[in-house]
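Asker: My file is query28.cif. It has mmCIF, C-alpha atoms:
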```
data_work
#
loop_
_atom_site.label_atom_id
_atom_site.label_comp_id
_atom_site.auth_asym_id
_atom_site.auth_seq_id
_atom_site.Cartn_x
_atom_site.Cartn_y
_atom_site.Cartn_z
CA MET A 1370 -5.79 2.79 -18.18
CA THR A 1371 -4.38 6.29 -17.86
CA LEU A 1372 -3.74 5.73 -14.15
CA ALA A 1373 -0.47 3.87 -14.69
CA LEU A 1374 3.05 5.28 -14.64
CA TYR A 1375 3.96 3.21 -17.72
CA VAL A 1376 5.45 5.20 -20.62
CA PRO A 1377 5.11 3.33 -23.93
CA ARG A 1378 8.23 3.32 -26.15
CA ALA A 1379 9.76 0.84 -28.57
CA SER A 1380 13.02 0.09 -26.79
CA VAL A 1381 15.15 -2.80 -25.67
CA VAL A 1382 14.46 -1.91 -22.05
CA HIS A 1383 10.71 -2.02 -22.63
CA ARG A 1384 11.00 -5.44 -24.31
CA LEU A 1385 13.02 -7.04 -21.51
CA PRO A 1386 10.97 -9.42 -19.37
CA ALA A 1387 9.63 -7.75 -16.21
CA GLY A 1388 11.28 -10.38 -14.01
CA ALA A 1389 14.72 -9.60 -15.46
CA LYS A 1390 14.31 -5.88 -14.80
CA LEU A 1391 13.23 -6.50 -11.22
CA LEU A 1392 16.20 -8.80 -10.69
CA ALA A 1393 18.57 -6.16 -12.08
CA LEU A 1394 17.07 -3.59 -9.74
CA ALA A 1395 17.61 -5.88 -6.75
CA VAL A 1396 21.22 -6.54 -7.79
CA LEU A 1397 21.86 -2.80 -8.13
CA ALA A 1398 20.42 -2.14 -4.67
CA VAL A 1399 22.66 -4.77 -3.07
CA ALA A 1400 25.71 -3.61 -5.03
CA LEU A 1401 25.27 0.00 -3.92
CA PHE A 1402 25.33 -1.03 -0.28
CA VAL A 1403 28.21 -3.50 -0.71
CA LEU A 1404 30.42 -0.96 -2.53
CA PRO A 1405 29.94 2.15 -0.44
CA THR A 1406 32.06 4.63 -2.38
CA LEU A 1407 31.15 7.93 -3.94
CA THR A 1408 32.54 6.83 -7.33
CA ALA A 1409 30.42 3.67 -7.38
CA ALA A 1410 27.26 5.62 -6.57
CA GLY A 1411 28.11 8.27 -9.17
CA ALA A 1412 28.79 5.69 -11.86
CA ALA A 1413 25.53 3.90 -11.01
CA LEU A 1414 23.62 7.17 -11.28
CA LEU A 1415 25.14 7.94 -14.70
CA GLY A 1416 24.40 4.39 -15.84
CA THR A 1417 20.80 4.62 -14.66
CA LEU A 1418 20.31 7.95 -16.44
CA ALA A 1419 21.87 6.55 -19.63
CA VAL A 1420 19.59 3.50 -19.59
CA GLY A 1421 16.49 5.52 -18.73
CA LEU A 1422 16.94 8.53 -21.01
CA LEU A 1423 19.09 7.23 -23.91
CA VAL A 1424 18.23 3.54 -24.24
CA ALA A 1425 14.60 3.55 -23.04
CA ARG A 1426 14.08 7.14 -24.32
CA LEU A 1427 11.91 8.14 -21.36
CA PRO A 1428 11.00 11.82 -21.08
CA VAL A 1429 13.15 13.68 -18.55
CA ALA A 1430 9.94 14.73 -16.77
CA VAL A 1431 9.18 11.13 -15.77
CA LEU A 1432 12.44 10.80 -13.87
CA ALA A 1433 12.38 14.40 -12.65
CA ARG A 1434 9.01 13.76 -11.03
CA GLN A 1435 10.40 10.89 -8.94
CA ALA A 1436 13.49 12.90 -8.08
CA ARG A 1437 11.28 15.78 -6.95
CA ALA A 1438 9.46 13.41 -4.60
CA VAL A 1439 12.68 12.84 -2.62
CA ARG A 1440 14.18 16.33 -2.98
CA TRP A 1441 13.63 17.26 0.68
CA TRP A 1442 15.29 14.06 1.81
CA LEU A 1443 18.30 14.71 -0.36
CA LEU A 1444 18.59 18.24 0.96
CA ALA A 1445 18.15 17.12 4.57
CA LEU A 1446 20.82 14.42 4.07
CA LEU A 1447 23.35 16.87 2.69
CA VAL A 1448 22.72 19.42 5.45
CA VAL A 1449 22.62 17.00 8.37
CA HIS A 1450 25.70 15.09 7.22
CA ALA A 1451 27.60 18.31 6.58
CA LEU A 1452 26.85 19.36 10.15
CA THR A 1453 27.32 16.03 11.97
CA THR A 1454 29.74 13.87 9.93
CA ASP A 1455 31.30 15.25 6.73
CA PRO A 1456 29.95 16.57 3.39
CA ARG A 1457 31.46 13.65 1.44
CA THR A 1458 29.40 11.06 3.31
CA GLY A 1459 26.33 13.20 2.80
CA ALA A 1460 26.94 13.42 -0.94
CA HIS A 1461 27.48 9.66 -1.14
CA VAL A 1462 24.34 8.71 0.79
CA ALA A 1463 22.23 11.24 -1.13
CA LEU A 1464 23.59 10.01 -4.46
CA ARG A 1465 22.85 6.40 -3.54
CA LEU A 1466 19.29 7.23 -2.57
CA LEU A 1467 18.71 9.20 -5.77
CA THR A 1468 20.16 6.39 -7.90
CA LEU A 1469 17.91 3.73 -6.35
CA VAL A 1470 14.81 5.87 -6.68
CA LEU A 1471 15.56 6.67 -10.34
CA ALA A 1472 16.42 3.05 -11.20
CA ALA A 1473 13.12 1.94 -9.68
CA ALA A 1474 11.33 4.66 -11.66
CA VAL A 1475 12.95 3.40 -14.90
CA VAL A 1476 11.71 -0.15 -14.24
CA THR A 1477 8.22 1.12 -13.47
CA ALA A 1478 8.03 3.38 -16.53
CA THR A 1479 9.18 0.65 -18.91
CA THR A 1480 6.98 -2.20 -17.63
CA ARG A 1481 3.24 -2.56 -18.13
CA VAL A 1482 1.06 -3.01 -15.04
CA SER A 1483 -0.27 -6.27 -16.50
CA GLU A 1484 3.30 -7.64 -16.80
CA MET A 1485 4.01 -6.66 -13.19
CA VAL A 1486 0.78 -8.33 -12.06
CA ALA A 1487 1.90 -11.46 -13.92
CA VAL A 1488 5.20 -11.35 -12.01
CA VAL A 1489 3.27 -10.97 -8.75
CA GLU A 1490 1.15 -14.01 -9.64
CA TRP A 1491 4.29 -15.93 -10.53
CA LEU A 1492 6.01 -14.90 -7.30
CA SER A 1493 2.98 -15.96 -5.30
CA ALA A 1494 3.05 -19.45 -6.82
CA PRO A 1495 5.28 -20.89 -4.02
CA LEU A 1496 2.67 -19.61 -1.55
CA ARG A 1497 0.50 -22.48 -2.81
CA LEU A 1498 2.20 -24.47 -0.07
CA VAL A 1499 0.47 -22.35 2.58
CA GLY A 1500 -2.84 -22.43 0.74
CA VAL A 1501 -2.66 -19.27 -1.37
CA ARG A 1502 -4.05 -19.66 -4.88
CA PRO A 1503 -2.21 -17.35 -7.34
CA ALA A 1504 -5.39 -16.88 -9.39
CA ARG A 1505 -7.08 -15.46 -6.28
CA VAL A 1506 -4.26 -12.95 -5.90
CA GLY A 1507 -4.95 -11.85 -9.47
CA LEU A 1508 -8.67 -11.61 -8.72
CA ALA A 1509 -8.04 -9.43 -5.66
CA ILE A 1510 -5.85 -7.08 -7.71
CA THR A 1511 -8.49 -6.84 -10.42
CA MET A 1512 -11.25 -6.11 -7.90
CA ALA A 1513 -9.23 -3.41 -6.15
CA LEU A 1514 -8.50 -1.69 -9.46
CA ARG A 1515 -12.22 -1.74 -10.27
CA PHE A 1516 -13.21 -0.45 -6.83
CA ILE A 1517 -11.00 2.66 -6.96
CA PRO A 1518 -13.06 4.59 -9.57
CA VAL A 1519 -16.29 3.32 -7.98
CA LEU A 1520 -15.28 4.75 -4.60
CA ILE A 1521 -14.28 8.10 -6.09
CA GLU A 1522 -17.61 8.29 -7.91
CA ARG A 1523 -19.65 7.46 -4.80
CA ALA A 1524 -17.81 10.02 -2.70
CA ASP A 1525 -18.34 12.65 -5.41
CA ARG A 1526 -22.04 11.86 -5.58
CA ILE A 1527 -22.42 12.37 -1.83
CA ARG A 1528 -20.47 15.63 -1.99
CA GLU A 1529 -22.70 16.90 -4.81
CA ALA A 1530 -25.87 15.89 -3.00
CA GLN A 1531 -24.73 17.79 0.08
CA ALA A 1532 -23.76 20.83 -1.94
CA ALA A 1533 -27.23 20.80 -3.50
CA ARG A 1534 -28.73 20.85 -0.01
CA GLY A 1535 -26.56 23.81 0.94
CA GLY A 1536 -23.26 22.70 2.35
CA SER A 1537 -21.77 19.65 3.93
CA PRO A 1538 -21.61 18.82 7.63
CA ARG A 1539 -18.19 19.23 9.17
CA GLY A 1540 -16.23 17.65 12.00
CA VAL A 1541 -17.69 14.83 14.04
CA ARG A 1542 -21.11 15.17 12.40
CA ALA A 1543 -19.58 14.42 8.99
CA LEU A 1544 -18.24 11.13 10.36
CA ARG A 1545 -21.69 10.00 11.44
CA THR A 1546 -23.70 11.38 8.54
CA THR A 1547 -21.46 10.70 5.57
CA ILE A 1548 -18.21 8.79 6.02
CA ALA A 1549 -19.46 5.88 8.10
CA PRO A 1550 -22.62 5.37 5.99
CA LEU A 1551 -20.49 5.52 2.86
CA LEU A 1552 -18.25 2.81 4.29
CA VAL A 1553 -21.25 0.63 5.12
CA GLN A 1554 -22.59 1.19 1.61
CA VAL A 1555 -19.37 0.08 -0.08
CA LEU A 1556 -18.93 -2.89 2.29
CA GLN A 1557 -22.36 -4.01 1.17
CA MET A 1558 -21.34 -3.46 -2.45
CA ALA A 1559 -18.20 -5.58 -1.96
CA HIS A 1560 -20.36 -8.30 -0.46
CA ASP A 1561 -22.74 -8.20 -3.44
CA VAL A 1562 -19.82 -8.34 -5.87
CA SER A 1563 -18.44 -11.42 -4.11
CA GLU A 1564 -21.83 -13.16 -4.30
CA ALA A 1565 -22.09 -12.35 -8.00
CA LEU A 1566 -18.59 -13.73 -8.55
CA ASP A 1567 -19.36 -16.91 -6.61
CA ALA A 1568 -22.56 -17.37 -8.62
CA ARG A 1569 -20.36 -17.29 -11.72
CA GLY A 1570 -18.02 -19.89 -10.30
CA ALA A 1571 -15.23 -17.75 -8.84
CA ASP A 1572 -15.07 -19.92 -5.74
CA ASP A 1573 -14.72 -23.14 -7.72
CA VAL A 1574 -11.82 -25.05 -6.30
CA PRO A 1575 -10.26 -27.37 -8.87
CA PRO A 1576 -11.48 -30.84 -7.87
CA PRO A 1577 -8.92 -33.16 -6.29
CA ARG A 1578 -7.43 -35.52 -8.82
CA ARG A 1579 -9.50 -38.66 -8.93
CA ARG A 1580 -8.71 -42.05 -10.25
CA ARG A 1581 -9.41 -41.98 -13.95
CA ARG A 1582 -12.32 -44.13 -14.89
CA SER A 1583 -12.74 -45.49 -18.33
CA PRO A 1584 -15.84 -44.01 -20.01
CA ALA A 1585 -16.84 -47.42 -21.26
CA VAL A 1586 -17.45 -48.61 -17.70
CA GLU A 1587 -19.53 -45.54 -16.77
CA VAL A 1588 -23.18 -46.43 -16.62
CA PRO A 1589 -25.60 -43.61 -17.45
CA ARG A 1590 -28.18 -43.14 -14.75
CA MET B 529 -10.28 -17.50 1.81
CA LYS B 530 -13.87 -16.86 0.76
CA THR B 531 -14.60 -14.59 -2.21
CA ARG B 532 -16.41 -12.28 0.23
CA ASP B 533 -13.24 -11.83 2.30
CA LEU B 534 -11.27 -11.29 -0.89
CA ALA B 535 -13.73 -8.55 -1.91
CA TYR B 536 -13.39 -6.83 1.48
CA VAL B 537 -9.61 -6.99 1.18
CA ALA B 538 -9.76 -5.47 -2.32
CA LEU B 539 -12.20 -2.82 -1.10
CA PHE B 540 -9.91 -1.59 1.66
CA ALA B 541 -6.91 -1.61 -0.65
CA ALA B 542 -8.98 0.67 -2.89
CA ILE B 543 -10.01 2.84 0.09
CA ILE B 544 -6.38 3.40 1.07
CA ALA B 545 -5.67 4.32 -2.55
CA VAL B 546 -8.53 6.84 -2.67
CA LEU B 547 -7.44 8.39 0.65
CA GLY B 548 -4.15 9.10 -1.10
CA THR B 549 -5.95 11.45 -3.48
CA LEU B 550 -6.87 13.75 -0.60
CA PRO B 551 -4.47 16.68 -0.44
CA ALA B 552 -1.43 15.93 1.71
CA ILE B 553 -0.05 18.43 4.19
CA ASN B 554 3.65 18.98 3.64
CA VAL B 555 5.72 19.26 6.78
CA GLY B 556 9.32 18.78 5.75
CA PRO B 557 10.43 15.66 3.94
CA VAL B 558 7.54 13.23 4.59
CA PRO B 559 4.00 14.49 3.95
CA ILE B 560 1.15 13.98 6.41
CA THR B 561 -1.42 11.98 4.46
CA ALA B 562 -4.78 10.41 5.09
CA GLN B 563 -3.48 7.01 4.04
CA THR B 564 -2.51 5.84 7.51
CA LEU B 565 -6.15 6.53 8.40
CA GLY B 566 -6.96 3.83 5.85
CA VAL B 567 -4.41 1.50 7.43
CA MET B 568 -6.03 1.95 10.87
CA LEU B 569 -9.51 1.48 9.36
CA ALA B 570 -8.47 -1.70 7.57
CA GLY B 571 -7.41 -3.22 10.88
CA SER B 572 -10.31 -1.99 12.97
CA VAL B 573 -13.05 -2.84 10.45
CA LEU B 574 -11.71 -6.03 8.86
CA GLY B 575 -9.67 -7.50 11.73
CA ALA B 576 -6.10 -8.74 11.78
CA ARG B 577 -5.86 -11.16 8.86
CA ARG B 578 -7.94 -9.36 6.27
CA GLY B 579 -6.64 -5.97 7.37
CA PHE B 580 -3.07 -7.16 6.90
CA LEU B 581 -3.87 -8.54 3.45
CA ALA B 582 -5.72 -5.37 2.40
CA VAL B 583 -2.70 -3.17 3.14
CA LEU B 584 -0.36 -5.71 1.53
CA LEU B 585 -2.53 -5.69 -1.59
CA PHE B 586 -2.41 -1.89 -1.66
CA LEU B 587 1.40 -2.00 -1.52
CA VAL B 588 1.42 -4.55 -4.36
CA LEU B 589 -0.68 -2.16 -6.46
CA VAL B 590 1.81 0.63 -5.74
CA ALA B 591 4.78 -1.62 -6.52
CA VAL B 592 3.42 -2.76 -9.89
CA GLY B 593 3.41 0.84 -11.03
CA LEU B 594 0.23 2.64 -10.05
CA PRO B 595 0.66 6.18 -8.66
CA LEU B 596 -1.48 5.49 -5.60
CA LEU B 597 0.64 6.93 -2.82
CA ALA B 598 -0.23 10.42 -1.63
CA SER B 599 1.08 13.10 -4.02
CA GLY B 600 0.98 10.61 -6.91
CA ALA B 601 4.11 8.65 -6.09
CA GLY B 602 4.14 5.04 -7.15
CA GLY B 603 6.12 2.24 -8.69
CA LEU B 604 9.12 0.73 -7.02
CA ALA B 605 10.82 4.03 -6.20
CA PRO B 606 9.04 4.63 -2.86
CA PHE B 607 10.17 1.19 -1.66
CA ALA B 608 13.78 2.23 -2.08
CA GLY B 609 13.45 5.73 -0.65
CA ALA B 610 14.11 7.03 2.82
CA SER B 611 10.51 6.61 3.96
CA ALA B 612 10.33 3.00 2.69
CA GLY B 613 10.24 1.64 6.25
CA TYR B 614 6.89 3.31 6.86
CA LEU B 615 5.42 1.49 3.87
CA TYR B 616 6.81 -1.85 5.02
CA SER B 617 5.36 -1.28 8.49
CA TRP B 618 1.80 -0.63 7.27
CA PRO B 619 0.62 -4.26 6.86
CA LEU B 620 1.94 -5.13 10.31
CA ALA B 621 0.29 -2.01 11.74
CA ALA B 622 -3.09 -3.07 10.32
CA PHE B 623 -2.53 -6.55 11.72
CA VAL B 624 -1.81 -5.28 15.24
CA VAL B 625 -4.79 -2.89 15.18
CA GLY B 626 -7.00 -5.72 13.93
CA TRP B 627 -5.73 -8.21 16.47
CA LEU B 628 -6.38 -5.85 19.38
CA THR B 629 -9.79 -4.94 17.97
CA GLU B 630 -10.82 -8.57 17.56
CA ARG B 631 -9.81 -9.37 21.11
CA SER B 632 -12.19 -6.85 22.61
CA TRP B 633 -14.82 -6.83 19.89
CA ASP B 634 -17.67 -7.14 22.39
CA ARG B 635 -16.50 -4.12 24.38
CA TYR B 636 -15.29 -1.97 21.47
CA ASP B 637 -15.84 1.78 21.79
CA VAL B 638 -14.17 4.95 20.53
CA LEU B 639 -11.80 5.17 23.49
CA ARG B 640 -10.57 1.58 23.20
CA GLY B 641 -10.42 1.89 19.43
CA THR B 642 -8.28 5.00 19.69
CA LEU B 643 -5.91 3.21 22.02
CA PHE B 644 -5.61 0.25 19.62
CA ASN B 645 -4.99 2.62 16.70
CA VAL B 646 -2.27 4.38 18.67
CA VAL B 647 -0.51 1.11 19.50
CA GLY B 648 -0.84 -0.45 16.05
CA GLY B 649 -1.06 2.57 13.79
CA ILE B 650 1.48 4.84 15.47
CA VAL B 651 3.89 2.87 17.69
CA VAL B 652 4.37 -0.02 15.25
CA ILE B 653 4.80 2.30 12.26
CA TYR B 654 7.42 4.47 13.98
CA ALA B 655 9.19 1.42 15.42
CA ILE B 656 9.88 0.18 11.88
CA GLY B 657 9.90 3.45 9.95
CA VAL B 658 12.45 5.36 12.02
CA PRO B 659 15.20 2.66 12.09
CA VAL B 660 14.86 2.18 8.30
CA LEU B 661 15.01 5.93 7.84
CA LYS B 662 18.16 5.99 9.96
CA ALA B 663 19.73 3.13 7.99
CA VAL B 664 18.95 4.58 4.56
CA THR B 665 19.93 8.15 5.35
CA GLY B 666 22.70 7.57 7.90
CA LEU B 667 21.17 10.17 10.21
CA ALA B 668 21.76 10.03 13.95
CA TRP B 669 18.90 8.78 16.17
CA GLY B 670 17.99 12.30 17.26
CA PRO B 671 17.38 13.92 13.84
CA ALA B 672 15.85 10.66 12.55
CA PHE B 673 13.34 10.71 15.38
CA TRP B 674 12.46 14.37 14.92
CA THR B 675 12.05 14.29 11.13
CA GLY B 676 10.60 10.79 11.04
CA ALA B 677 8.27 10.60 14.00
CA ALA B 678 7.76 13.63 16.22
CA VAL B 679 6.23 15.91 13.56
CA PHE B 680 3.57 13.32 12.79
CA VAL B 681 2.31 12.73 16.32
CA PRO B 682 -0.49 15.37 16.34
CA GLY B 683 -1.86 14.32 12.96
CA ASP B 684 -1.60 10.64 13.77
CA LEU B 685 -3.41 11.07 17.08
CA PHE B 686 -6.22 12.85 15.25
CA LYS B 687 -6.40 10.03 12.68
CA ALA B 688 -6.48 7.43 15.48
CA VAL B 689 -9.58 9.07 16.98
CA VAL B 690 -11.29 9.50 13.60
CA ALA B 691 -10.63 5.88 12.58
CA ALA B 692 -11.98 4.62 15.91
CA ALA B 693 -15.13 6.76 15.59
CA ILE B 694 -15.80 5.46 12.07
CA ALA B 695 -15.05 1.87 13.05
CA ASP B 696 -17.43 2.16 16.01
CA VAL B 697 -20.33 3.25 13.77
CA VAL B 698 -19.56 0.55 11.21
CA ARG B 699 -19.31 -2.06 13.95
CA ARG B 700 -22.84 -1.31 15.09
CA SER B 701 -24.45 -1.10 11.66
CA TYR B 702 -22.44 -3.57 9.54
CA PRO B 703 -20.07 -5.70 11.64
CA VAL B 704 -17.51 -7.47 9.49
CA ILE B 705 -15.49 -9.04 12.29
CA ASP B 706 -17.16 -12.13 13.71
CA ARG B 707 -17.86 -12.42 17.38
CA PRO B 708 -14.98 -14.09 19.18
CA ARG B 709 -15.49 -17.84 19.38
CA ARG B 710 -16.70 -19.04 22.73
CA THR B 711 -15.38 -22.27 24.14
CA ALA B 712 -17.54 -25.25 23.30
CA GLY B 713 -20.67 -25.46 25.38
CA SER B 714 -21.03 -21.83 26.41
CA ARG B 715 -23.38 -21.08 23.51
#
```
Step by step, read the file and then write its structure as structure tokens.
Answerer:
Amino acid sequence: MTLALYVPRASVVHRLPAGAKLLALAVLAVALFVLPTLTAAGAALLGTLAVGLLVARLPVAVLARQARAVRWWLLALLVVHALTTDPRTGAHVALRLLTLVLAAAVVTATTRVSEMVAVVEWLSAPLRLVGVRPARVGLAITMALRFIPVLIERADRIREAQAARGGSPRGVRALRTTIAPLLVQVLQMAHDVSEALDARGADDVPPPRRRRRSPAVEVPR
Amino acid sequence: MKTRDLAYVALFAAIIAVLGTLPAINVGPVPITAQTLGVMLAGSVLGARRGFLAVLLFLVLVAVGLPLLASGAGGLAPFAGASAGYLYSWPLAAFVVGWLTERSWDRYDVLRGTLFNVVGGIVVIYAIGVPVLKAVTGLAWGPAFWTGAAVFVPGDLFKAVVAAAIADVVRRSYPVIDRPRRTAGSR
């Protein structure tokens, strides 16, 4: 799937288990808030860049893209802190934010979506106690991933049909003539998909453990 | 949970993802996107429980590394950024919208729906998003409110009306929320 942010490379970081990387990320986040100094944040940023660019050999563009996403925040932080508190605090807070965002981007770029989904299933295992079945979580993820291209295709088809008829309705009319009917259509589709899945045994609950009977005693009817 | 409910949950997670592909309007640091429209719709079409789960599922998809947020952001980075609080507030927002919608399902109309969307989809989101923004960035309350809430009010009001209008049509042609249970004996 080309949709993912995963960047394949043969590196130690890529080979680490997904759970370990997530744990490291959590530890880093806590550490950056417990040690609120400019040096700590700077060292963490350098460390993150070293791991991402040198060890995992990610392209600079991958990290630059995530940094670009928060550039206005960083700028706003520097300006507002320079005006209201002092520039040093601004630099520290901005550095911390940038470090966390980049570290998260490194984890995402070095871990396959399927591995992350496995971690999600594993994390949802304790939810068994409140009646959540981890396999159902996996099924929901799979269905959502399948629905995304289907939705895009259906919306495109409607747009093309309207263009062929000479333009699409706008404003409130568009709500009634296209968006709401489209929603009804896909709700129906989701319903059909669920029935097809149930017909193939998706709703099978593992039977409660019964007393084991010896086959010799079983009488064929 | 029935497979049907699971499919609805997955569908709305996908809808929120697709709404993220619509062009976002950039006003300062946080873009105005159509995705909160999806959050409001999830609540007002699916109800509290399934709406909550749909948005949660969407966030899981983002977290595992799919670039589904508006402007192609994804992975764990957005959950650490300054606007992380808004993301965390979304499932709760859908829940509140859904809960209010379920309670007056028999009398639902665009006006009521808009009101529910404002309470759940605007008030709840700001109430969580702005304090997190303040904590992450160390801004004062004033600037945090202006950059994190005030600029979004016009767009969010518009989305609240649109979501209610769509939900109203869907409610009449393909109701997903069950009628509220009557007390025993009244039916």
Asker: Between atom CA of B:Val546 and atom CA of B:Ala692, what is the distance, to one decimal in Å?
Answerer: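 Atom-to-atom, atom CA of B:Val546 to atom CA of B:Ala692, that is 19.0 Å.
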Asker: Please report as a PDB file with C-alpha atoms, keeping the file's coordinate frame which residues of chain B come no farther than 6 Å from chain A, using only C-alpha atoms.
Answerer:
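This is the output file selection32.pdb:
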```pdb
ATOM      1  CA  THR B 531     -14.600 -14.590  -2.210  1.00  0.00           C
ATOM      2  CA  ARG B 532     -16.410 -12.280   0.230  1.00  0.00           C
ATOM      3  CA  ALA B 535     -13.730  -8.550  -1.910  1.00  0.00           C
ATOM      4  CA  ALA B 538      -9.760  -5.470  -2.320  1.00  0.00           C
ATOM      5  CA  LEU B 539     -12.200  -2.820  -1.100  1.00  0.00           C
ATOM      6  CA  ALA B 542      -8.980   0.670  -2.890  1.00  0.00           C
ATOM      7  CA  PRO B 557      10.430  15.660   3.940  1.00  0.00           C
ATOM      8  CA  VAL B 592       3.420  -2.760  -9.890  1.00  0.00           C
ATOM      9  CA  GLY B 593       3.410   0.840 -11.030  1.00  0.00           C
ATOM     10  CA  LEU B 594       0.230   2.640 -10.050  1.00  0.00           C
ATOM     11  CA  GLY B 603       6.120   2.240  -8.690  1.00  0.00           C
ATOM     12  CA  LEU B 604       9.120   0.730  -7.020  1.00  0.00           C
ATOM     13  CA  ALA B 605      10.820   4.030  -6.200  1.00  0.00           C
ATOM     14  CA  ALA B 608      13.780   2.230  -2.080  1.00  0.00           C
ATOM     15  CA  ILE B 694     -15.800   5.460  12.070  1.00  0.00           C
TER      16      ILE B 694
END
```
Asker: Can you tell me how far atom CA of B:Ala621 sits from atom CA of A:Thr1547, in Å to one decimal?
Answerer: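 Interatomic distance, atom CA of B:Ala621 to atom CA of A:Thr1547: 25.9 Å.
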Asker: Go ahead and compute the interatomic distance for atom CA of B:Lys662 and atom CA of B:Leu620, in Å to one decimal.
Answerer: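 Going from atom CA of B:Lys662 over to atom CA of B:Leu620 covers 19.7 Å.
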Asker: For the PyMOL selection byres ((chain B and resi 582) around 7), applied here, can you spell out every residue it catches as number ranges by chain?
Answerer: B: 537-538, 540-541, 570, 578-581, 583-586
Asker: Evaluating the PyMOL selection byres ((chain B and resi 633) around 9) on the displayed file yields which residues, as a PyMOL selection string?
Answerer: chain B and resi 628-632+634-637+699+705-708
Asker: Specify as a list in words each residue included when the PyMOL selection byres ((chain B and resi 563) around 7) is applied to this file.
Answerer: Ile544, Leu547, Gly548, Thr561, Ala562, Thr564, Leu565, Gly566 and Val567 of chain B
